[in-house]
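K.L.:
Following this message is one structure expressed as structure tokens.
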Amino acid sequence: MSIKKVSEKRIEFWVGCFAISSVIALVLLAFSIAGVSLQGKGKSYTLYANFTNIGGLKERAPVKLGGVVVGRVENISLDVDNYMPRVRLSMYANKGYYSDTSSLSIYTSGLLGEQYIGIIPGFIDEESEMLSDGDTIEDTKPALILEDLIGQFIYSLQKEG
Amino acid sequence: MISSFVSAVGRTILAVIQVTGRACLLLKRILCVKPHKKLFSLFIVQIFQLGVLSLPIILTAGFFIGMVLSLQGYYVLVAYAAEENLGSMVALSLLRELGPVVSALLFAGRAGSALTAEIGLMQSTEQLASMEMMGVSPLKRVLAPRLLAGIVTLPMLTLLFNIFAIWGGYIVGVYWMGIDSGSFWSVMQGSVDVFADVGNSIIKSVVFAFIITWVALYNGYYVIPNAQGISRSTTTTVVVSSLLILAMDFILTVFMFGM
């Protein structure tokens with residue numbers, strides 16, 4: 001052992017510094033870089049929605065109301081009964097509940113950005129009910145597919161010309 | 001001619017199997033024994049030797065790699081007007097690949113070679129043999145604390161490497177290239193996942209640490225006891241552990257992010 005006995009205290013000090021700083025590094029990575037928040041997810045409830053086409057929507061994509069995140073896409077599966085994509089949404093309970101006349105559409109943030117779900121809250125009257133855990137939103141608009149748009153555009157050009 | 005070629009191939013394969021077998025037996029003899037009673041204090045000394053003394057090179061390298069990554073990433077992203085995503089690009093490429101791999105390569109060069117040279121010299125000057133004569137097992141007294149310290153140290157170094165590299169990327173991106181500081185962090189936080197990215201980064205570096213210290217201890221223990229033998233063992237440690245790290249990184253990446 002090349003290290004003398006006298007410096008043992010200093011070794012312990014430096015190893016302690018090293019250990020503490022790497023714990024701080026882990027905490028920084030978790031909280032400030034991965035963005036974990038201590039308050040947790042809070043309460044949430046589950047809603048379902050069937051779309052005709054979800055485009056490039058991915059799990060963990062946000063659900064936004066006027067730009068504010070009010071929920072997340074939890075799971076995307078295929079409803080085998082009618083061959084439609086079925087999306088399970090986890091909605092934050094502290095961001096409120098919506099009536100069953102609300103509608104969902106799939107938007108893209110920016111020209112090349114990620115896709116997200118926009119929720120448009122519906123009106124509330126005697127006949128409408130509030131959506132609760134496990135309900136399905138009926139009114140959905142599919143994602144815009146660029147190729148379909150171009151196809152329609154060319155078709156309309158041909159009809160005019 | 002052909003038969004000599006075939007037997008050369010066979011000889012190489014047999015040699016590789018022999019080395020692997022001896023290395024596994026050495027590992028078993030280090031780990032599957034009652035630990036030395038002063039293991040903890042020996043372990044602390046080795047953390048100092050392997051970890052604290054590797055800090056300057058790891059932190060400097062991390063800082064500069066982060067800056068270069070940010071600089072190069074900016075020029076690619078700005079062409080697509082996506083320079084706001086620089087934070088997520090820097091953080092993800094560091095956490096997933098560069099952090100564990102580069103710090104493991106530096107660790108192999110800095111600490112792995114030192115381990116091999118130290119144990120190789122102990123072996124060639126028959127210090128290990130005289131320990132055994134005194135009834136002290138060199139495997140327990142010398143090799144075990146080094147193996148454990150190596151496995152613990154490299155993940156800690158990798159965490160610090162990541163922090164310094166992201167800091168370097170932040171400085172170049174925000175203060176030099178003028179990306180908004182808030183969007184740098186928020187895009188990063190939106191794309192980095194604690195378990196998928198930070199967790200896998202730690203798992204990768206634990207695996208690499210095990211590989212490096214194992215290779216280093218094996219090469220030191222089975223050194224050819226002369227000056228040339230020590231130099232050859234040290235070189236072998238750095239070369240073999242670097243190649244194993246890169247190969248293992250590919251395999252781990254396929255399992256972690258490829259499926």
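Convention: chains lettered A, B, ... in structure tokens order; per-chain residue numbering from 1; ligands numbered from 1 as shown.
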List as a Markdown table every residue of chain A that is in contact with chain B, defined as an atom at most 9 Å from one of its atoms (using only C-alpha atoms), together with the nearest atom pair and the distance in Å rounded to one decimal, sorted by chain and then rising number.
P.N.:
```
| residue | atom | partner | partner_atom | distance |
| --- | --- | --- | --- | --- |
| A:Ile3 | CA | B:Val45 | CA | 8.3 |
| A:Glu8 | CA | B:Val45 | CA | 8.1 |
| A:Ile11 | CA | B:Phe48 | CA | 6.3 |
| A:Glu12 | CA | B:Ile44 | CA | 7.1 |
| A:Trp14 | CA | B:Val52 | CA | 6.9 |
| A:Val15 | CA | B:Phe48 | CA | 5.7 |
| A:Cys17 | CA | B:Val52 | CA | 8.9 |
| A:Phe18 | CA | B:Val52 | CA | 6.5 |
| A:Ala19 | CA | B:Met156 | CA | 7.5 |
| A:Ser21 | CA | B:Leu160 | CA | 7.7 |
| A:Ser22 | CA | B:Met156 | CA | 5.3 |
| A:Val23 | CA | B:Met156 | CA | 8.0 |
| A:Ile24 | CA | B:Leu160 | CA | 8.9 |
| A:Ala25 | CA | B:Leu160 | CA | 5.8 |
| A:Leu26 | CA | B:Leu159 | CA | 6.3 |
| A:Leu28 | CA | B:Ile163 | CA | 7.8 |
| A:Leu29 | CA | B:Val198 | CA | 7.1 |
| A:Ala30 | CA | B:Val194 | CA | 5.8 |
| A:Phe31 | CA | B:Val194 | CA | 8.7 |
| A:Ser32 | CA | B:Gln189 | CA | 7.2 |
| A:Ile33 | CA | B:Gln189 | CA | 5.3 |
| A:Ala34 | CA | B:Val192 | CA | 4.8 |
| A:Gly35 | CA | B:Gln189 | CA | 4.7 |
| A:Val36 | CA | B:Val194 | CA | 7.4 |
```
K.L.:
Write out as an MDAnalysis selection string which residues come within 12 Å of Gly96 in chain A when counting only C-alpha atoms, dropping same-chain ones fewer than 6 positions away.
P.N.:
chainID A and resid 43:45 65 69:71 121 130:132
K.L.:
Using only C-alpha atoms, which protein or nucleic acid residues come within 6 Å of range 134-137 of chain A? Drop anything in the same chain fewer than 6 positions from it, and give the result as a PyMOL selection string.
P.N.:
chain A and resi 46-49
K.L.:
List as an mmCIF file with N, CA and C atoms, in the first residue's frame the protein and nucleic acid residues near His36 in chain B, meaning an atom at most 9 Å away when only C-alpha atoms are counted, but skip any in the same chain fewer than 4 places from it.
P.N.:
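So result-v3.cif came out as:
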```
data_model
loop_
_atom_site.group_PDB
_atom_site.id
_atom_site.type_symbol
_atom_site.label_atom_id
_atom_site.label_comp_id
_atom_site.auth_asym_id
_atom_site.auth_seq_id
_atom_site.Cartn_x
_atom_site.Cartn_y
_atom_site.Cartn_z
ATOM 1 N N PHE B 40 -13.643 -3.171 4.635
ATOM 2 C CA PHE B 40 -14.230 -1.853 4.420
ATOM 3 C C PHE B 40 -13.177 -0.757 4.325
ATOM 4 N N SER B 137 -4.538 -14.181 2.530
ATOM 5 C CA SER B 137 -4.911 -14.456 1.150
ATOM 6 C C SER B 137 -4.840 -13.171 0.338
ATOM 7 N N LYS B 140 -8.180 -12.022 -1.072
ATOM 8 C CA LYS B 140 -9.090 -11.316 -0.164
ATOM 9 C C LYS B 140 -8.548 -9.945 0.191
ATOM 10 N N ARG B 141 -7.218 -9.869 0.394
ATOM 11 C CA ARG B 141 -6.613 -8.650 0.929
ATOM 12 C C ARG B 141 -6.368 -7.625 -0.172
ATOM 13 N N ALA B 144 -9.982 -8.386 -3.832
ATOM 14 C CA ALA B 144 -11.414 -8.176 -3.554
ATOM 15 C C ALA B 144 -11.763 -6.703 -3.331
ATOM 16 N N PRO B 145 -11.015 -5.955 -2.474
ATOM 17 C CA PRO B 145 -11.396 -4.545 -2.304
ATOM 18 C C PRO B 145 -11.283 -3.737 -3.589
#
```
K.L.:
For a quick check of understanding, using only C-alpha atoms, which of A:Arg88, A:Lys64, A:Lys141, A:Arg72 has the smallest distance to Ser103 in chain A?
P.N.:
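Once distances to Ser103 in chain A are computed over only C-alpha atoms, the minimum belongs to A:Lys141.
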K.L.:
Which residues come within 8 Å of Ile76 in chain A, counting only C-alpha atoms, excluding same-chain residues fewer than 6 positions away, as a VMD selection string?
P.N.:
chain A and resid 58 to 59 85 to 88
K.L.:
Of the residues B:Ala23, B:Val136, B:Ile58, B:Met1, which is the one nearest to Val215 in chain B, using only C-alpha atoms?
P.N.:
B:Ala23
K.L.:
Contacts of Val19 in chain B at 10 Å or less, counting only C-alpha atoms, minus same-chain residues fewer than 5 places along, as a list in words?
P.N.:
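Everything that qualifies: Ile13, Leu14, Cys24, Leu25, Tyr218 and Asn219 of chain B.
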K.L.:
If you run DSSP on the backbone, which residues of range 2-151 of chain A are strand (DSSP E), as a PyMOL selection string?
P.N.:
chain A and resi 44-50+62-65+68-79+84-92+103-108+115-120+135-137+139-141
K.L.:
Gly66 in chain B: which residues within 6 Å, counting only C-alpha atoms, same-chain residues fewer than 4 positions away excluded, as a ChimeraX atom specification?
P.N.:
/B:165-166,168-169
K.L.:
Using Å and a single decimal, report how far CA of Gln72 in chain B sits from CA of Ile171 in chain B.
P.N.:
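Straight-line distance from CA of Ile171 in chain B to CA of Gln72 in chain B works out to 13.6 Å.
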K.L.:
Range 125-210 of chain B: which residues are alpha helix (DSSP H) by DSSP, as a ChimeraX atom specification?
P.N.:
/B:127-133,138,144-170,181-191,200-210
